[in-house]
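Next comes coords_12.cif, a file with mmCIF, C-alpha atoms.
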```cif
data_data
loop_
_atom_site.label_atom_id
_atom_site.label_comp_id
_atom_site.auth_asym_id
_atom_site.auth_seq_id
_atom_site.Cartn_x
_atom_site.Cartn_y
_atom_site.Cartn_z
CA MET A 7 20.41 -23.38 3.74
CA LEU A 8 16.84 -23.32 2.41
CA LEU A 9 15.47 -24.13 5.85
CA ALA A 10 17.76 -21.73 7.69
CA CYS A 11 16.85 -18.74 5.48
CA THR A 12 13.12 -19.39 5.45
CA SER A 13 13.11 -20.13 9.18
CA ILE A 14 14.64 -16.75 10.01
CA VAL A 15 12.02 -14.87 7.99
CA ALA A 16 9.14 -17.03 9.26
CA GLY A 17 10.42 -16.59 12.82
CA CYS A 18 10.47 -12.80 12.48
CA ARG A 19 6.93 -12.86 11.12
CA ALA A 20 5.77 -15.03 14.02
CA ALA A 21 7.57 -12.76 16.49
CA ASP A 22 5.83 -9.70 14.97
CA THR A 23 9.07 -7.95 14.10
CA ASP A 24 10.65 -6.77 10.85
CA GLY A 25 14.16 -7.63 11.99
CA ILE A 26 17.20 -6.33 10.16
CA THR A 27 18.39 -6.47 6.55
CA PRO A 28 17.68 -8.65 4.61
CA VAL A 29 14.58 -9.73 6.57
CA PRO A 30 12.41 -6.63 5.87
CA GLN A 31 13.12 -6.89 2.15
CA VAL A 32 12.27 -10.61 2.02
CA LEU A 33 9.17 -10.27 4.22
CA ALA A 34 7.43 -8.40 1.39
CA PHE A 35 7.41 -11.69 -0.53
CA LEU A 36 6.47 -13.98 2.39
CA PRO A 37 3.87 -16.11 0.52
CA TRP A 38 6.49 -17.01 -2.08
CA LEU A 39 8.68 -18.56 0.63
CA LEU A 40 6.34 -21.56 0.52
CA ALA A 41 8.27 -22.63 -2.61
CA PRO A 42 11.77 -22.93 -1.05
CA ALA A 43 10.27 -24.42 2.12
CA GLY A 44 8.45 -27.01 0.00
CA LEU A 45 11.66 -27.77 -1.88
CA ALA A 46 13.45 -28.25 1.43
CA LEU A 47 10.78 -30.76 2.46
CA ALA A 48 11.21 -32.66 -0.81
CA LEU A 49 14.97 -32.81 -0.38
CA ALA A 50 14.62 -33.94 3.23
CA LEU A 51 12.29 -36.73 2.10
CA LEU A 52 14.75 -37.84 -0.56
CA ALA A 53 17.57 -37.83 1.98
CA ARG A 54 15.35 -39.48 4.63
CA TRP A 55 16.39 -36.74 7.04
CA ARG A 56 13.69 -36.91 9.72
CA ILE A 57 14.69 -33.77 11.54
CA GLY A 58 14.68 -31.93 8.23
CA MET A 59 11.22 -33.27 7.43
CA LEU A 60 9.80 -32.06 10.75
CA TRP A 61 11.63 -28.75 10.44
CA SER A 62 10.30 -28.22 6.92
CA LEU A 63 6.75 -29.06 7.95
CA LEU A 64 6.96 -26.60 10.85
CA VAL A 65 8.23 -23.80 8.58
CA LEU A 66 5.52 -24.57 6.00
CA ALA A 67 2.84 -24.48 8.72
CA VAL A 68 4.04 -21.12 10.02
CA LEU A 69 4.17 -19.62 6.54
CA ALA A 70 0.74 -21.00 5.61
CA TRP A 71 -0.74 -19.55 8.79
CA PHE A 72 0.58 -16.07 8.08
CA VAL A 73 -0.41 -16.08 4.42
CA GLU A 74 -3.94 -15.46 5.71
CA PRO A 75 -5.04 -11.80 5.28
CA TYR A 76 -4.44 -9.43 8.18
CA GLY A 77 -6.74 -6.70 9.46
CA ARG A 78 -10.40 -6.10 10.15
CA THR A 79 -13.13 -6.35 7.51
CA ASP A 80 -16.32 -5.51 9.40
CA GLU A 81 -18.77 -3.32 7.49
CA PRO A 82 -20.03 0.09 8.67
CA GLY A 83 -23.64 0.12 9.79
CA GLY A 84 -24.73 3.67 8.94
CA ALA A 85 -26.54 4.85 5.85
CA ALA A 86 -24.49 5.57 2.72
CA VAL A 87 -23.51 9.22 2.32
CA ALA A 88 -21.37 9.23 -0.84
CA GLU A 89 -19.69 6.83 -3.23
CA LEU A 90 -16.32 7.83 -4.62
CA LYS A 91 -13.45 6.42 -6.64
CA VAL A 92 -9.89 6.75 -5.37
CA LEU A 93 -6.80 6.17 -7.50
CA THR A 94 -3.21 5.91 -6.29
CA SER A 95 -0.24 5.64 -8.62
CA ASN A 96 3.53 5.78 -8.24
CA VAL A 97 4.76 7.07 -11.61
CA GLU A 98 8.47 6.38 -10.94
CA PHE A 99 10.26 9.73 -11.18
CA GLY A 100 7.42 11.02 -13.36
CA ARG A 101 8.13 8.59 -16.19
CA GLY A 102 4.69 6.98 -15.99
CA THR A 103 2.78 10.28 -16.19
CA ALA A 104 1.93 9.91 -19.89
CA SER A 105 0.37 6.52 -19.13
CA LEU A 106 -1.49 7.81 -16.09
CA VAL A 107 -3.25 10.66 -17.93
CA PRO A 108 -5.49 8.45 -20.15
CA VAL A 109 -6.28 6.19 -17.18
CA VAL A 110 -7.53 9.18 -15.18
CA ARG A 111 -9.58 10.38 -18.15
CA ALA A 112 -11.13 6.96 -18.71
CA ARG A 113 -11.72 5.91 -15.10
CA LYS A 114 -12.70 9.36 -13.74
CA PRO A 115 -11.62 8.91 -10.11
CA ASP A 116 -12.81 11.52 -7.63
CA ILE A 117 -9.48 11.68 -5.77
CA VAL A 118 -6.04 10.91 -7.21
CA PHE A 119 -2.87 10.33 -5.19
CA VAL A 120 0.32 10.47 -7.29
CA GLU A 121 3.73 9.56 -5.85
CA GLU A 122 7.11 10.42 -7.42
CA CYS A 123 5.38 13.19 -9.35
CA GLU A 124 8.27 15.57 -10.11
CA TYR A 125 8.11 18.98 -11.81
CA THR A 126 7.14 17.80 -15.30
CA CYS A 127 4.54 15.40 -13.91
CA GLN A 128 2.93 18.13 -11.82
CA SER A 129 2.93 20.52 -14.76
CA THR A 130 1.29 17.90 -16.99
CA LEU A 131 -1.43 17.07 -14.48
CA ARG A 132 -2.15 20.74 -13.88
CA ARG A 133 -2.40 21.43 -17.63
CA ASP A 134 -4.53 18.39 -18.49
CA PHE A 135 -6.85 18.32 -15.48
CA ALA A 136 -7.25 21.90 -14.29
CA SER A 137 -11.00 21.84 -14.86
CA GLU A 138 -11.75 18.23 -13.82
CA TYR A 139 -9.66 18.48 -10.63
CA PRO A 140 -9.72 22.10 -9.53
CA TYR A 141 -8.42 21.27 -6.04
CA ARG A 142 -4.95 19.98 -5.28
CA GLN A 143 -2.39 19.68 -2.52
CA ALA A 144 1.21 19.03 -3.51
CA VAL A 145 4.81 18.77 -2.48
CA VAL A 146 6.65 20.30 -5.45
CA ALA A 147 10.07 18.68 -5.80
CA GLY A 148 12.20 16.74 -8.23
CA GLY A 149 12.88 13.01 -8.53
CA SER A 150 11.05 10.76 -6.11
CA GLU A 151 10.33 13.56 -3.62
CA GLY A 152 7.45 15.25 -5.47
CA SER A 153 3.84 14.19 -4.94
CA VAL A 154 0.35 15.52 -5.43
CA VAL A 155 -3.27 14.91 -4.41
CA LEU A 156 -5.92 15.87 -6.99
CA SER A 157 -9.55 16.19 -5.96
CA ARG A 158 -12.98 16.98 -7.36
CA PHE A 159 -13.99 17.94 -3.81
CA PRO A 160 -12.96 21.20 -2.15
CA LEU A 161 -9.78 20.86 -0.09
CA ARG A 162 -8.22 22.71 2.79
CA ALA A 163 -4.58 22.08 3.52
CA THR A 164 -3.17 20.21 6.49
CA GLY A 165 0.42 19.85 7.56
CA GLY A 166 1.03 16.51 5.84
CA VAL A 167 3.59 14.04 7.17
CA GLU A 168 7.32 14.69 7.47
CA GLY A 169 9.38 12.30 5.39
CA THR A 170 12.28 11.86 3.02
CA MET A 171 9.78 12.03 0.15
CA GLY A 172 6.77 14.32 -0.08
CA MET A 173 3.64 13.23 1.79
CA PRO A 174 1.04 16.04 1.51
CA GLY A 175 -2.26 16.02 3.34
CA ALA A 176 -5.60 17.81 3.10
CA VAL A 177 -9.18 17.70 4.33
CA ALA A 178 -11.82 17.18 1.64
CA ASP A 179 -15.41 18.39 1.90
CA VAL A 180 -17.33 15.35 0.64
CA ARG A 181 -20.96 16.43 0.51
CA GLY A 182 -20.65 18.27 3.80
CA HIS A 183 -18.53 15.63 5.53
CA ASP A 184 -14.87 16.20 6.41
CA VAL A 185 -12.58 13.46 5.05
CA ARG A 186 -8.87 13.62 5.90
CA LEU A 187 -6.71 12.76 2.89
CA GLN A 188 -3.13 11.71 3.48
CA LEU A 189 -0.69 10.60 0.80
CA ALA A 190 1.72 7.86 1.91
CA HIS A 191 5.22 7.47 0.50
CA PRO A 192 7.70 6.48 3.19
CA MET A 193 11.31 5.63 2.49
CA PRO A 194 11.68 2.06 1.17
CA PRO A 195 13.45 -0.43 3.46
CA LEU A 196 16.77 -0.24 1.64
CA PRO A 197 19.86 -1.62 3.39
CA GLY A 198 21.00 1.08 5.77
CA GLN A 199 17.61 2.84 5.62
CA VAL A 200 15.39 0.39 7.54
CA GLY A 201 15.31 2.68 10.58
CA VAL A 202 14.11 5.61 8.45
CA TRP A 203 11.46 3.36 6.84
CA LYS A 204 10.15 2.32 10.26
CA ARG A 205 10.06 5.90 11.56
CA GLU A 206 8.17 7.21 8.55
CA LEU A 207 5.65 4.35 8.68
CA GLY A 208 5.31 5.18 12.37
CA ARG A 209 4.37 8.76 11.49
CA LEU A 210 1.68 7.45 9.13
CA ARG A 211 0.49 5.21 11.93
CA ASP A 212 0.18 8.30 14.15
CA VAL A 213 -2.01 9.97 11.50
CA ALA A 214 -4.29 6.93 11.43
CA ALA A 215 -4.46 6.80 15.23
CA ASP A 216 -4.96 10.53 15.82
CA THR A 217 -7.45 11.40 13.05
CA ARG A 218 -10.95 11.75 14.45
CA THR A 219 -12.72 12.44 11.15
CA SER A 220 -13.14 10.06 8.22
CA LEU A 221 -9.77 9.14 6.70
CA ILE A 222 -8.32 8.02 3.37
CA LEU A 223 -4.63 7.15 3.70
CA ALA A 224 -3.32 6.11 0.28
CA GLY A 225 -0.15 5.71 -1.71
CA ASP A 226 3.01 3.66 -2.03
CA PHE A 227 3.67 2.41 1.50
CA ASN A 228 6.76 0.41 0.53
CA ALA A 229 5.33 -2.21 2.88
CA SER A 230 2.97 -5.16 2.77
CA GLN A 231 0.74 -6.77 5.37
CA ASP A 232 3.68 -9.03 6.25
CA HIS A 233 5.62 -6.07 7.68
CA ALA A 234 5.05 -5.38 11.36
CA ALA A 235 5.43 -1.61 10.79
CA PHE A 236 2.52 -1.70 8.33
CA ARG A 237 0.39 -3.89 10.59
CA ARG A 238 0.77 -1.24 13.29
CA ILE A 239 -1.13 1.10 10.97
CA LEU A 240 -3.89 -1.47 10.43
CA ASP A 241 -4.04 -2.01 14.19
CA THR A 242 -5.33 1.55 14.62
CA GLY A 243 -8.61 0.38 13.05
CA VAL A 244 -8.21 1.45 9.42
CA ARG A 245 -9.15 -1.06 6.73
CA ASP A 246 -7.36 -1.94 3.52
CA ALA A 247 -9.82 -1.21 0.70
CA ALA A 248 -8.29 -3.83 -1.61
CA ARG A 249 -8.82 -6.49 1.02
CA LEU A 250 -12.40 -5.35 1.62
CA ALA A 251 -12.96 -5.81 -2.12
CA GLY A 252 -11.38 -9.28 -2.18
CA HIS A 253 -7.87 -8.43 -3.43
CA ASP A 254 -5.76 -8.80 -0.29
CA ARG A 255 -2.76 -10.46 -1.98
CA THR A 256 -2.87 -8.97 -5.48
CA PRO A 257 0.69 -7.73 -6.19
CA SER A 258 1.34 -4.13 -7.23
CA TRP A 259 5.16 -4.18 -7.44
CA PRO A 260 7.44 -4.81 -9.32
CA ALA A 261 5.08 -4.21 -12.24
CA ARG A 262 7.18 -6.08 -14.80
CA LEU A 263 6.67 -9.33 -12.84
CA THR A 264 3.04 -8.90 -11.78
CA PRO A 265 0.58 -10.55 -11.55
CA ALA A 266 2.61 -13.77 -11.53
CA PHE A 267 4.96 -12.53 -8.80
CA GLY A 268 5.29 -9.54 -6.54
CA ALA A 269 4.10 -7.81 -3.40
CA GLN A 270 1.18 -5.55 -2.63
CA ILE A 271 2.84 -2.39 -1.35
CA ASP A 272 0.40 0.16 -2.83
CA HIS A 273 -2.65 0.58 -0.63
CA VAL A 274 -5.77 2.64 -0.02
CA LEU A 275 -6.50 2.51 3.69
CA VAL A 276 -9.83 3.85 4.93
CA SER A 277 -11.43 4.55 8.30
CA LYS A 278 -14.14 2.23 9.59
CA ASP A 279 -16.98 4.39 8.22
CA PHE A 280 -16.04 3.37 4.65
CA SER A 281 -16.96 0.23 2.76
CA ALA A 282 -15.32 -0.89 -0.50
CA SER A 283 -17.08 -2.49 -3.45
CA SER A 284 -14.26 -2.91 -6.00
CA ALA A 285 -10.50 -2.74 -6.46
CA HIS A 286 -8.59 -2.80 -9.74
CA PHE A 287 -4.81 -2.98 -10.20
CA LEU A 288 -4.01 -1.22 -13.46
CA GLU A 289 -0.98 -1.66 -15.71
CA LEU A 290 0.86 1.56 -16.62
CA ALA A 291 3.83 1.90 -18.94
CA HIS A 292 7.21 3.26 -17.77
CA THR A 293 6.67 2.75 -14.04
CA ASP A 294 7.54 -0.13 -11.72
CA HIS A 295 4.19 0.08 -9.89
CA ARG A 296 0.67 -0.87 -10.89
CA ALA A 297 -1.91 1.79 -10.14
CA LEU A 298 -4.71 0.93 -7.71
CA LEU A 299 -8.27 2.13 -8.25
CA VAL A 300 -10.89 1.47 -5.56
CA THR A 301 -14.56 2.32 -5.28
CA ILE A 302 -15.49 3.14 -1.70
CA THR A 303 -18.63 4.39 0.05
CA LEU A 304 -18.72 6.75 2.99
CA HIS A 305 -21.34 5.89 5.62
CA GLN A 306 -22.85 7.92 8.43
CA HIS A 307 -21.20 7.36 11.78
#
```

Mind turning the file's structure into structure tokens?
Amino acid sequence: MLLACTSIVAGCRAADTDGITPVPQVLAFLPWLLAPAGLALALALLARWRIGMLWSLLVLAVLAWFVEPYGRTDEPGGAAVAELKVLTSNVEFGRGTASLVPVVRARKPDIVFVEECEYTCQSTLRRDFASEYPYRQAVVAGGSEGSVVLSRFPLRATGGVEGTMGMPGAVADVRGHDVRLQLAHPMPPLPGQVGVWKRELGRLRDVAADTRTSLILAGDFNASQDHAAFRRILDTGVRDAARLAGHDRTPSWPARLTPAFGAQIDHVLVSKDFSASSAHFLELAHTDHRALLVTITLHQH
């Protein structure tokens, strides 16, 4: 049973597909499958089951191969234009807002992406940060559907991305350079909703592929690098800022189990004219996600 279950997930990863439930849900935790595969090898050794030994070794080899980080990491060659801090945080139906406020005050990010920011959350952020973040683009809604982008830089609105939950977009004027900002919050791959999840990640992939200016695509993607639908976004040429800063496997969810266990599903993806110097995963109370703060630098094309 251990070998059969891990083989199916490893096979889907090798075949570059997310499969069907429960494979997409388990793929988020692919590195942790080394444990059951290793246990299967130990049991096969105890039972002197040669086929099981070879099978276990093959599964372990496939998993170990795909634990390696995915995506490009080459550095931009142009001169630095501006350094900025970007924060993304899923506050879980607004419950983590009170914990987010002091983090924003202390860390002073230039751009803040907030997912699941319902009416009270948006009101709180507007009241507490009206002067520090005079520019915003939001989807005003209740529950998990609300979201907002706060910015120190002037913004002009774009159409955003259609989805079950709010995904607003804008273009920031960063010292005379246009930077497309797009909040990401696709439907999670719940049983019965995997098709919706794939479609909404596909729309985010289209943003990454079609944007000709600099791009920051950030939020709760409900997907890790072990999901084919997320790798399609990386294949457009965007880089994962956490990986650029040396944190490619640091888990962000579920917060109550991190950093010992979890998956990195919160990301800041940037176009190839950005470099990243640091990434910090921050603990917040009353939310199931860790916030992600990255320091990135925009370079001339």

Ranking A:Gly148, A:Gly166, A:Gly102, A:Pro37 by minimum distance to Asp294 of chain A and counting only C-alpha atoms, which one comes first?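 Among A:Gly148, A:Gly166, A:Gly102, A:Pro37, it is A:Gly102 that comes nearest to Asp294 of chain A.
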
Between A:Phe287, A:Phe267, A:Phe72, A:Trp61, which one has atoms that come closest to Ala16 of chain A, using all atoms listed in the file?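 Smallest separation from Ala16 of chain A among the options: A:Phe72.
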
Quick one: of A:Val274, A:Ile302, A:Ile117, A:Leu207, who's nearest to Ile222 of chain A, counting only C-alpha atoms?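 Closest residue, counting only C-alpha atoms: A:Val274.
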
Give the answer as one residue: which of A:Leu210, A:Ala215, A:Leu196, A:Leu63 has the shortest atom-to-atom distance to Thr27 of chain A, using only C-alpha atoms?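 Checking each of A:Leu210, A:Ala215, A:Leu196, A:Leu63 against Thr27 of chain A, counting only C-alpha atoms, the winner is A:Leu196.
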
Return as a compact mmCIF listing (two decimals) with C-alpha atoms, in the frame of the given file the set of residues that the PyMOL selection byres ((chain A and resi 259-261) around 7) yields on the displayed structure.
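Once everything was written out, this is expr26.txt:
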```
# COMPACT_ATOMS: atom_id res chain seq x y z
CA PRO A 257 0.69 -7.73 -6.19
CA SER A 258 1.34 -4.13 -7.23
CA ARG A 262 7.18 -6.08 -14.80
CA LEU A 263 6.67 -9.33 -12.84
CA THR A 264 3.04 -8.90 -11.78
CA GLY A 268 5.29 -9.54 -6.54
CA ALA A 269 4.10 -7.81 -3.40
CA GLN A 270 1.18 -5.55 -2.63
CA ILE A 271 2.84 -2.39 -1.35
CA ASP A 294 7.54 -0.13 -11.72
CA HIS A 295 4.19 0.08 -9.89
CA ARG A 296 0.67 -0.87 -10.89
```

Looking at all atoms listed in the file, which of A:Ala235, A:Val244, A:Leu47, A:Ala190 is the one that sits closest to Gly208 of chain A?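 Closest to Gly208 of chain A, using all atoms listed in the file: A:Ala235.
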
Residue list as a CSV table (one decimal) with C-alpha atoms, keeping the file's coordinate frame for point (-2.1, 2.2, -5.5), cut-off 6 Å, only C-alpha atoms:
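Below is the file that was written, point.csv:
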```
chain,number,residue,atom,x,y,z
A,94,THR,CA,-3.2,5.9,-6.3
A,95,SER,CA,-0.2,5.6,-8.6
A,225,GLY,CA,-0.2,5.7,-1.7
A,272,ASP,CA,0.4,0.2,-2.8
A,273,HIS,CA,-2.6,0.6,-0.6
A,297,ALA,CA,-1.9,1.8,-10.1
A,298,LEU,CA,-4.7,0.9,-7.7
```

Would you give the centre and edge lengths, in Å to one decimal, of a box along x, y and z around the listed atoms of segment 66-75 of chain A, with 4 Å added to each side, as JSON?
```
{"center_x": 0.2, "center_y": -18.2, "center_z": 7.2, "size_x": 18.6, "size_y": 20.8, "size_z": 13.6}
```

Shell around Leu275 of chain A at 10 Å using all atoms listed in the file, local window under 5 positions removed, as a PyMOL selection string: chain A and resi 188+190+214+221-225+239-240+243-249+280

Would you pick out the contacts of Ala234 of chain A at 9 Å or less, using only C-alpha atoms, so that residues sharing its chain but fewer than 2 positions from it are not included, and give the list as an MDAnalysis selection string? chainID A and resid 19 22:24 230:232 236:239

Between atom CA of Thr303 of chain A and atom CA of Glu168 of chain A, what distance in Å does the model show, to one decimal?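 Calculated distance between atom CA of Thr303 of chain A and atom CA of Glu168 of chain A is 28.9 Å.
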
Top pick for closest residue to Ser129 of chain A, considering A:Gly198, A:Gly100, A:Gly252, A:Pro108 and counting all atoms listed in the file: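 Using all atoms listed in the file, the shortest distance to Ser129 of chain A belongs to A:Gly100.
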
For the provided coordinates, the residues matched by the PyMOL selection byres ((chain A and resi 186) around 10) should be stated as a PyMOL selection string. chain A and resi 161-164+175-179+183-185+187-188+213-214+217-223+276-277

One-decimal distance in Å that lies between atom CA of Met193 of chain A and atom CA of Ser13 of chain A: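 We find that atom CA of Ser13 of chain A and atom CA of Met193 of chain A lie 26.7 Å from each other.
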